[in-house]
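Peer 1: Got a structure here, written out as structure tokens. Questions coming.
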Protein chains: 4
Amino acid sequence: MSEKVFSLKQDRLLEGRVFRDPIHNYIHVDYGIFWKLINTKEMQRLRRIHQLGGACQVYHGAEHSRFNHSLGVYEVVRQMCESVALKEQLSEYDQVCVLCAALLHDIGHGPFSHAFEHIFPIHHEIYTTKIILGHSEVHDVLKSYDEHLPTDIARIIDKSHPHQILIQMITSQLDGDRMDFLLRDSYFTGTTYGKFDMNRILRTMRIFQGQLVFKESGTQAIENYILARYHMYWQVYYHPVSRSYEQLLGSLFLRVRDLYQEGYVFKKDISLLIPFLENHVSVEDYLRLDESVLQYYIASFQDETDSILSDLAYRFLNRHLLKYCDLKTPKRLAQLQALAQEKGYPPRYYILTDDQKQVPYQYNMNDDVNEILILKDEKLYPLSEVSEVVYAIVHSSRSKRDTKVYYPQEIINDL
Amino acid sequence: MSEKVFSLKQDRLLEGRVFRDPIHNYIHVDYGIFWKLINTKEMQRLRRIHQLGGACQVYHGAEHSRFNHSLGVYEVVRQMCESVALKEQLSEYDQVCVLCAALLHDIGHGPFSHAFEHIFPIHHEIYTTKIILGHSEVHDVLKSYDEHLPTDIARIIDKSHPHQILIQMITSQLDGDRMDFLLRDSYFTGTTYGKFDMNRILRTMRIFQGQLVFKESGTQAIENYILARYHMYWQVYYHPVSRSYEQLLGSLFLRVRDLYQEGYVFKKDISLLIPFLENHVSVEDYLRLDESVLQYYIASFQDETDSILSDLAYRFLNRHLLKYCDLKTPKRLAQLQALAQEKGYPPRYYILTDDQKQVPYQYNMNDDVNEILILKDEKLYPLSEVSEVVYAIVHSSRSKRDTKVYYPQEIINDL
Amino acid sequence: MSEKVFSLKQDRLLEGRVFRDPIHNYIHVDYGIFWKLINTKEMQRLRRIHQLGGACQVYHGAEHSRFNHSLGVYEVVRQMCESVALKEQLSEYDQVCVLCAALLHDIGHGPFSHAFEHIFPIHHEIYTTKIILGHSEVHDVLKSYDEHLPTDIARIIDKSHPHQILIQMITSQLDGDRMDFLLRDSYFTGTTYGKFDMNRILRTMRIFQGQLVFKESGTQAIENYILARYHMYWQVYYHPVSRSYEQLLGSLFLRVRDLYQEGYVFKKDISLLIPFLENHVSVEDYLRLDESVLQYYIASFQDETDSILSDLAYRFLNRHLLKYCDLKTPKRLAQLQALAQEKGYPPRYYILTDDQKQVPYQYNMNDDVNEILILKDEKLYPLSEVSEVVYAIVHSSRSKRDTKVYYPQEIINDL
Amino acid sequence: MSEKVFSLKQDRLLEGRVFRDPIHNYIHVDYGIFWKLINTKEMQRLRRIHQLGGACQVYHGAEHSRFNHSLGVYEVVRQMCESVALKEQLSEYDQVCVLCAALLHDIGHGPFSHAFEHIFPIHHEIYTTKIILGHSEVHDVLKSYDEHLPTDIARIIDKSHPHQILIQMITSQLDGDRMDFLLRDSYFTGTTYGKFDMNRILRTMRIFQGQLVFKESGTQAIENYILARYHMYWQVYYHPVSRSYEQLLGSLFLRVRDLYQEGYVFKKDISLLIPFLENHVSVEDYLRLDESVLQYYIASFQDETDSILSDLAYRFLNRHLLKYCDLKTPKRLAQLQALAQEKGYPPRYYILTDDQKQVPYQYNMNDDVNEILILKDEKLYPLSEVSEVVYAIVHSSRSKRDTKVYYPQEIINDL
């Protein structure tokens, strides 16, 4: 536990502020530090970046922003901190750190991150750290409270913090981030898949042997959460039309990069993209890019003389997405490539493959801190041992995989 | 498909009637026959029989009746009949039959059926048939429309009807009965476990090769339904406190039967129970028994001189339920029996064991018509082949089993 | 504020208990005293008394009990006590008192109270006091904590307590009782009429000048609550079919009383009703009567030789309710009475009038403590001055009134 | 009724398409014409225009687009057409017209319309007509079906169509547009204010004497709707912070216009705004402007040398909104203007007044077709005669009015 002295008392707002939230009812902001962070330009910029990229092309309700989600993660983590089980075991300083981390965990996300980071050598995680530690309004707010705050928060987010509990609250198999986005994305898409009983899960959360664990009585709520996650992936995040949109966007960025490297002269100004094309991106450059900028650029690409770029831009803006089919054999791919080439659609930009895989519960996690632990009769067990459903899923020899190939409808019409 | 001629047109109500329903919003009654059935005394009697016996001792919201649920099953089946996929493939006569079957499928249920049928040699299924075919207001209503109606409806309910689809709509792994009770019990208990996307499931329902099947696009909604069922069983239906209540009730009925057989003279009138104690129960006798009668009897048992009966009755009415623990070894049972005997609590009535087992999805079903079939590229596959989650569960070597022993707290207090 | 010393600390349950509740999600029981009260036989008896009498004949979902509602009021009042505004201004002893009052406020309700108290000279308020102060498990639990508890709680319920705030939390225009029953009855009936934003109202609650008041920012939530109340009265509580059921029940009790006074010999045992017929009802007698007893009696009345009683009982149990029309002129009533007399239906039991009146917001309240007060710039204003909507309603020259006459359909059929 | 022959049968989609919608569950698209309209670039452009301008600065959930809402209005109107009462009284051609009108009623909306139209002489209603009748993908789709379609649809939207019912379905006191936006905005903001029972209202809708009317049994659902509307206006649409955002945006546009008229040379390209500044806007110019364009421009304004423009742009993007207070006396306004002038904030751009007025139900409507009519005993009555609540509100001498003045916090800080 941190030894730092940090008093929140004098930072308490005279009248607590609330944000009305469709998921958590209210988001409670009782201290000046969080209010100031929310009002930084870096946080406000997240209003101009959608939480779900392609999915709102399928689920029109899902137009919510990363700002929206960031407030939600903060509220979930705040509720964790308020629970009896954690309140007494975390110092006030650690609570402030983890709440700031919740609010800021997505601060480095750029516009259309998935497709964008596929083409440009950018990692939003790195920019999250840079923004917190470097020149930013966020950094200034944090430092005005305590000079160690920026570092400690960054270490929670990049998982190098010595206090495991704090990391697990933000990034683990069952953390504030995942719980909020499943509930939130489910609400805005209008699907029922992502619903689970978060209240019950939070009620059964405990700290035991330096880990965040869950009492056995929460097992079924957690099983529901695992299934909710699995279903949201397939119904929403990996929906073939969402992926079609992401693929198209990737092709468009690829064409821009190729043209730039070939020395093509763009008719319209693309100055905010230059640092990315030159692979020399300052934090300031990075923060200037949001989805309204890229949407504006893409709209202007419709007037470019390069017919590939203008076609891709038109398709993107007006939802003339690529069609898709299961990619069952390499031969199928070759056929489509040949056909596209013949019809004047360069396969590099128009024949796109996408492979997705998702198991309902990951036994060996690569991106997560560790497995979900269940507390039963004062001992810890991995979820997959306690839950028949999760056990069955983990020991299944099959896992769901989906490989699709995307192509313009035009090349098939004449068949 | 039935050849019988039966015209609903002239039976259409001038102004359709609706019941406001918390689950399905409205229950639509557009024809006289259904309205008349609902207003028979046999249907109204179901208002005096709870849908869930012991569960409302744990979940205080779950005080709803079988009448409540019966209307719900009718509405689900009505929506099935309204769907394009079924509307054109079922004759009007068959639609009336299956809707009546939906309304009447629980008409033979008695008070506290689970515990009651455990002690008395009664099967509610048999009385359902008897009520439909015998002397009853229900029978009279049906016969006034068509003399074959009672038989055809009874055959849907007892699964002997030649038209498989009609049976599957009422009794199968994914039928109107189960869909309604999961949603309804979930709503009234206030749990989230039983929720699933019924709309989506109904939208993907098709008739194919004479079977009720589901399009592949419904798979994930069905997976959710399977898990909802699994969780409702463990959280609600098999909750140890619910079972404690059922066990206590069983003991109470057992004591009544034992006393009667011993020639004990009851202080208060128990005339409505006599036919059951004599094992000679007419339909009329059967219908006179409802939960208000049994509750009244049990209240009066508190004044009986037999101390076991009066104690069990007091415990039942005032929720002094038995305590429970996992039954891990036969030795534990023997210990408790000895202890109870010693303290003056005859083990026959006070040491009770209960064993429950539930797999999330039954591969070999004994009480269901058949497996859920998924329609994919014009072929049928069992759900467990199409769904990774169900596959995993079915092929798991483990299944959840729970054996508990119930005992009076008093025998332990002195330990 | 009370000077009594009373420590809850040692009464705190090691592991807090919760009831899953469909309205408030969880009902939190953290202290032994509340847990013990809930498990008294007087509280458990409320499981056998419906919250809404006749309304479940119209809204089949509304089968919930007064036990159900009593837990809810407790939870609303608990949330009031937890709010910052109240927590610091109420002593621990007063908090316990008001929470017990919340739990016990309906303890004196009998079966079908509305119709029953119309015929028998019983007032449930008086029995509430008697049960709390007299021989009962409830009384014993309270006294074991503090000898003043029973009296202080009774005084909150009968509005004679010196601390106004405590009374207002249970009985006022905007109290825990009304808030819970509107939300609860709305949920179980499945109507949307009774919904309002309780969270917001609780958030704006303050203590100011010794009164329970509401900040101006809660005005619109309160307007919604006022309208919700108005609509629930007309759509649910005063629904003509609900009233038909109550009227029928009243007639039935009247016939029983008339027969008893005439010396009629009942075939079946009605011993539990005798004290009421003799107008000499002890607390013990009172508590023995619940709805299962009355339902059982009514069922047995079907076999009585008195044809009026057996007919009324048959109608009641099998929902052959009386028809109704607006009573526009006294002449209409006389006509129906003559017709009934002629057809052999004595008007005393078969021609029944019922008059209901409800204004959306009462300016001069007779049964409530006082008007809702709004706190604005450190001054108090009556709601009707602050709210344009309530102002309009209060100053309207019209109020809704509904007078119906009920009669057996049979007397009209031949017209 | 229209005499035109127009067959939908051949346009029916083989497999009906659905959009998952959080408000109406599914949006059903069963005919090719609607599917093609949804996929025009004019409809897709509405994805880049928010439904609520300033409100998402207060309610972060309210980030939904006009595309989202347009699908919703279509679905409400589709449900109206499906109801028995209307289905038989509207020709197939009229149904197609009104459904297209529902989908297209907002097609002429521009970015931030409220503030934008305040400064530039643009009326979105006029562009709606121009888009439907002029060169557009929408027009081409419509004309390919029937050459009269564009005109007939435009006449429904501009209220010149001879068939009143069609107009009332889209634009009246209780139309598809209002019902959808209240429910939708309520859902996305997370408030409960806008909820009402649309199902019930639609069920009581009838055509009577050539008008769209409502059966008496719908009165209370309509009262709820009226109050929902009133509350949404004050809690969401007229929220002072929403209005602050709109005011700031208005000032910003005003500064751009002033600078342009003064001949100021903008550093960055603003070519898409030129037609608006020159007051010579073609449909094509109009359609090019969406919110991503304006957001991009505003971001670039931060770098302009004009300090007023760059300050307003910075405030807008980073939510440094203006403060506000009630404008009680003209003197207060003069004071603030003087103070602002003194501190270097030209009052023309920094001291802004805003006046809003809303009555719960308009008796004399200026922008609506007519009052809500209630059908009772085969006669029509205005809602305000049938509803006590609406009567009270209409006859109230008071109406809610709110005048605010907005100013930069900086001018007050030094006081």
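Convention: chains lettered A, B, ... in structure tokens order; per-chain residue numbering from 1; ligands numbered from 1 as shown.
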Residues near Gln211 in chain D, anyone? I mean within 6 Å using only C-alpha atoms, not counting same-chain ones fewer than 3 positions away, as JSON, numbers by chain.

Peer 2: {"D": [165, 207, 208]}

Peer 1: Neighbouring residues of Arg288 in chain C were defined as those with any atom within 9 Å, considering only C-alpha atoms; residues of the same chain fewer than 3 positions away were excluded. Please report them as a list of chain:residue names.

Peer 2: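 Result of the neighbour search: B:Ala299, C:Arg45, C:Leu272, C:Val283, C:Glu284, C:Asp285, C:Val293.
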
Peer 1: What lies within 10 Å of Gln209 in chain A using only C-alpha atoms, ignoring chain neighbours under 4 positions off, as a list in words?

Peer 2: Val213, Lys379 and Leu380 of chain A

Peer 1: Since we have the selection now, will you write its residues out, keeping N, CA and C atoms, as a PDB file, in the first residue's frame?

Peer 2:
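Result saved to out.pdb:
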ATOM      1  N   VAL A 213     -10.543 -11.049  -6.035  1.00  0.00           N
ATOM      2  CA  VAL A 213     -11.200 -12.348  -6.234  1.00  0.00           C
ATOM      3  C   VAL A 213     -12.703 -12.192  -6.020  1.00  0.00           C
ATOM      4  N   LYS A 379     -10.318 -20.670   0.297  1.00  0.00           N
ATOM      5  CA  LYS A 379      -9.284 -21.047  -0.669  1.00  0.00           C
ATOM      6  C   LYS A 379      -9.631 -20.461  -2.032  1.00  0.00           C
ATOM      7  N   LEU A 380      -8.621 -20.324  -2.867  1.00  0.00           N
ATOM      8  CA  LEU A 380      -8.856 -19.783  -4.210  1.00  0.00           C
ATOM      9  C   LEU A 380      -8.864 -20.887  -5.256  1.00  0.00           C
TER      10      LEU A 380
END

Peer 1: Taking only C-alpha atoms into account, which of A:Ile372, A:Leu142, A:Ile222, A:Val256 comes nearest Arg200 in chain A?

Peer 2: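 The closest residue to Arg200 in chain A is A:Ile222.
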
Peer 1: Could you please select, counting only C-alpha atoms, the residues of chain A within 6 Å of chain D and state them as a tab-separated table (two decimals) with C-alpha atoms, in the first residue's frame?

Peer 2:
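Listed below is the output, selection_34.tsv:
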chain	number	residue	atom	x	y	z
A	21	ASP	CA	-25.92	8.05	-17.30
A	22	PRO	CA	-28.13	5.51	-19.05
A	41	LYS	CA	-9.25	19.16	-23.72
A	44	GLN	CA	-13.23	16.37	-24.28
A	60	HIS	CA	-27.43	2.41	-35.77
A	63	GLU	CA	-23.07	6.08	-31.95
A	64	HIS	CA	-21.65	6.66	-28.49
A	68	ASN	CA	-19.16	8.29	-22.75
A	190	GLY	CA	-30.18	-2.37	-28.40
A	292	SER	CA	-14.35	14.77	-37.53
A	293	VAL	CA	-10.96	15.51	-39.12
A	296	TYR	CA	-13.71	15.62	-43.41
A	318	ASN	CA	-22.29	6.42	-48.34

Peer 1: Neighbouring residues of range 121-138 of chain A were defined as those with any atom within 6 Å, considering only C-alpha atoms; residues of the same chain fewer than 3 positions away were excluded. Please report them as a list in words.

Peer 2: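 Residues near the query, excluding close chain neighbours: Leu37, Thr40, Ile107, Gly108, His109, Glu117, Val141, Pro150 and Ala154 of chain A.
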
Peer 1: Please measure the separation of CA of Glu378 in chain D and CA of Tyr391 in chain D, giving the value in Å to one decimal.

Peer 2: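 Straight-line distance from CA of Glu378 in chain D to CA of Tyr391 in chain D works out to 21.1 Å.
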
Peer 1: For CA of Leu104 in chain A and CA of Ser144 in chain A, quote the distance in Å rounded to one decimal.

Peer 2: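 Answer for the CA of Leu104 in chain A to CA of Ser144 in chain A separation: 16.6 Å.
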
Peer 1: List every residue of range 70-216 of chain C that DSSP, applied to the backbone of this structure, assigns to strand (DSSP E or B), and report them as a list of chain:residue names.

Peer 2: C:Met205, C:Arg206, C:Ile207, C:Phe208, C:Gln211, C:Leu212, C:Val213, C:Phe214, C:Lys215

Peer 1: Would you please give, as a list in words, all residues of range 41-92 of chain D that DSSP assigns to alpha helix (DSSP H) based on the backbone?

Peer 2: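 Residues of range 41-92 of chain D classed as alpha helix (DSSP H): Lys41, Glu42, Met43, Gln44, Arg45, Arg66, Phe67, Asn68, His69, Ser70, Leu71, Gly72, Val73, Tyr74, Glu75, Val76, Val77, Arg78, Gln79, Met80, Cys81, Glu82, Val84, Ala85, Leu86, Lys87 and Glu92 of chain D.
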
Peer 1: With C-alpha atoms retained, export the selected residues as an mmCIF file, in the first residue's frame.

Peer 2:
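Okay, this is what ended up in out.cif:
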data_model
loop_
_atom_site.group_PDB
_atom_site.id
_atom_site.type_symbol
_atom_site.label_atom_id
_atom_site.label_comp_id
_atom_site.auth_asym_id
_atom_site.auth_seq_id
_atom_site.Cartn_x
_atom_site.Cartn_y
_atom_site.Cartn_z
ATOM 1 C CA LYS D 41 -26.218 9.234 -49.654
ATOM 2 C CA GLU D 42 -28.664 11.877 -48.443
ATOM 3 C CA MET D 43 -30.005 9.534 -45.774
ATOM 4 C CA GLN D 44 -26.511 8.288 -44.860
ATOM 5 C CA ARG D 45 -25.430 11.911 -44.417
ATOM 6 C CA ARG D 66 -30.804 12.181 -37.061
ATOM 7 C CA PHE D 67 -30.390 8.973 -39.086
ATOM 8 C CA ASN D 68 -31.124 7.046 -35.920
ATOM 9 C CA HIS D 69 -34.280 9.088 -35.289
ATOM 10 C CA SER D 70 -35.446 8.940 -38.921
ATOM 11 C CA LEU D 71 -35.508 5.142 -38.831
ATOM 12 C CA GLY D 72 -37.519 5.402 -35.625
ATOM 13 C CA VAL D 73 -40.188 7.684 -37.070
ATOM 14 C CA TYR D 74 -40.503 5.322 -40.012
ATOM 15 C CA GLU D 75 -41.106 2.424 -37.597
ATOM 16 C CA VAL D 76 -43.731 4.290 -35.558
ATOM 17 C CA VAL D 77 -45.594 5.240 -38.718
ATOM 18 C CA ARG D 78 -45.266 1.669 -39.968
ATOM 19 C CA GLN D 79 -46.917 0.444 -36.781
ATOM 20 C CA MET D 80 -49.693 2.988 -37.281
ATOM 21 C CA CYS D 81 -50.225 1.661 -40.817
ATOM 22 C CA GLU D 82 -50.277 -1.914 -39.503
ATOM 23 C CA VAL D 84 -56.380 -2.511 -37.920
ATOM 24 C CA ALA D 85 -57.936 0.918 -37.567
ATOM 25 C CA LEU D 86 -55.746 2.491 -40.249
ATOM 26 C CA LYS D 87 -54.747 -0.440 -42.453
ATOM 27 C CA GLU D 92 -51.400 1.076 -50.403
#

Peer 1: Would you list the contacts of Gly54 in chain D as a ChimeraX atom specification, taking every protein, DNA or RNA residue within 10 Å and counting only C-alpha atoms, but skipping same-chain residues closer than 4 positions in sequence?

Peer 2: /D:50,58-59,62,112,114-115,236-249

Peer 1: Expressed in Å to a single decimal, how great is the separation between CA of Ser384 in chain B and CA of Asn224 in chain B?

Peer 2: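 It comes out at 13.6 Å.
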
Peer 1: Tell me which protein, DNA and RNA residues are within 7 Å of Asp354 in chain A, counting only C-alpha atoms, leaving out same-chain ones fewer than 5 positions away, and put them as a PyMOL selection string.

Peer 2: chain A and resi 403-405

Peer 1: Could you turn the residues from that selection into a file that holds N, CA and C atoms, as a tab-separated table (two decimals), in the first residue's frame?

Peer 2:
chain	number	residue	atom	x	y	z
A	403	THR	N	-13.31	-16.87	-40.86
A	403	THR	CA	-12.46	-16.20	-41.85
A	403	THR	C	-13.32	-15.77	-43.03
A	404	LYS	N	-13.25	-14.50	-43.31
A	404	LYS	CA	-14.09	-13.97	-44.39
A	404	LYS	C	-13.20	-13.29	-45.42
A	405	VAL	N	-13.71	-13.29	-46.66
A	405	VAL	CA	-13.05	-12.50	-47.69
A	405	VAL	C	-14.06	-11.45	-48.18

Peer 1: Find the spatial neighbours of range 259-263 of chain D, counting only C-alpha atoms, within a cut-off of 10 Å - ignore same-chain residues fewer than 6 positions away - and output them as number ranges by chain.

Peer 2: D: 253, 274, 277-278, 306, 309

Peer 1: Using only N, CA and C atoms, please write the residues we just selected to a file, as a PDB file, in the first residue's frame.

Peer 2:
ATOM      1  N   PHE D 253     -20.539  31.451 -35.281  1.00  0.00           N
ATOM      2  CA  PHE D 253     -20.969  31.631 -36.671  1.00  0.00           C
ATOM      3  C   PHE D 253     -21.110  33.118 -36.999  1.00  0.00           C
ATOM      4  N   ILE D 274     -18.454  29.018 -47.938  1.00  0.00           N
ATOM      5  CA  ILE D 274     -18.611  30.200 -48.807  1.00  0.00           C
ATOM      6  C   ILE D 274     -20.034  30.371 -49.346  1.00  0.00           C
ATOM      7  N   LEU D 277     -22.064  31.975 -46.776  1.00  0.00           N
ATOM      8  CA  LEU D 277     -21.667  33.354 -46.512  1.00  0.00           C
ATOM      9  C   LEU D 277     -22.106  34.268 -47.653  1.00  0.00           C
ATOM     10  N   GLU D 278     -22.146  33.700 -48.852  1.00  0.00           N
ATOM     11  CA  GLU D 278     -22.576  34.466 -50.025  1.00  0.00           C
ATOM     12  C   GLU D 278     -24.095  34.402 -50.212  1.00  0.00           C
ATOM     13  N   ASP D 306      -7.590  36.109 -35.735  1.00  0.00           N
ATOM     14  CA  ASP D 306      -8.638  36.846 -35.032  1.00  0.00           C
ATOM     15  C   ASP D 306      -8.846  36.226 -33.655  1.00  0.00           C
ATOM     16  N   LEU D 309     -12.515  34.913 -32.733  1.00  0.00           N
ATOM     17  CA  LEU D 309     -12.860  33.647 -33.376  1.00  0.00           C
ATOM     18  C   LEU D 309     -12.099  32.483 -32.746  1.00  0.00           C
TER      19      LEU D 309
END

Peer 1: From the list B:Phe276, B:Val96, B:Phe181, B:Ile38, which residue is nearest His148 in chain B when using only C-alpha atoms?

Peer 2: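 Counting only C-alpha atoms, the residue closest to His148 in chain B is B:Val96.
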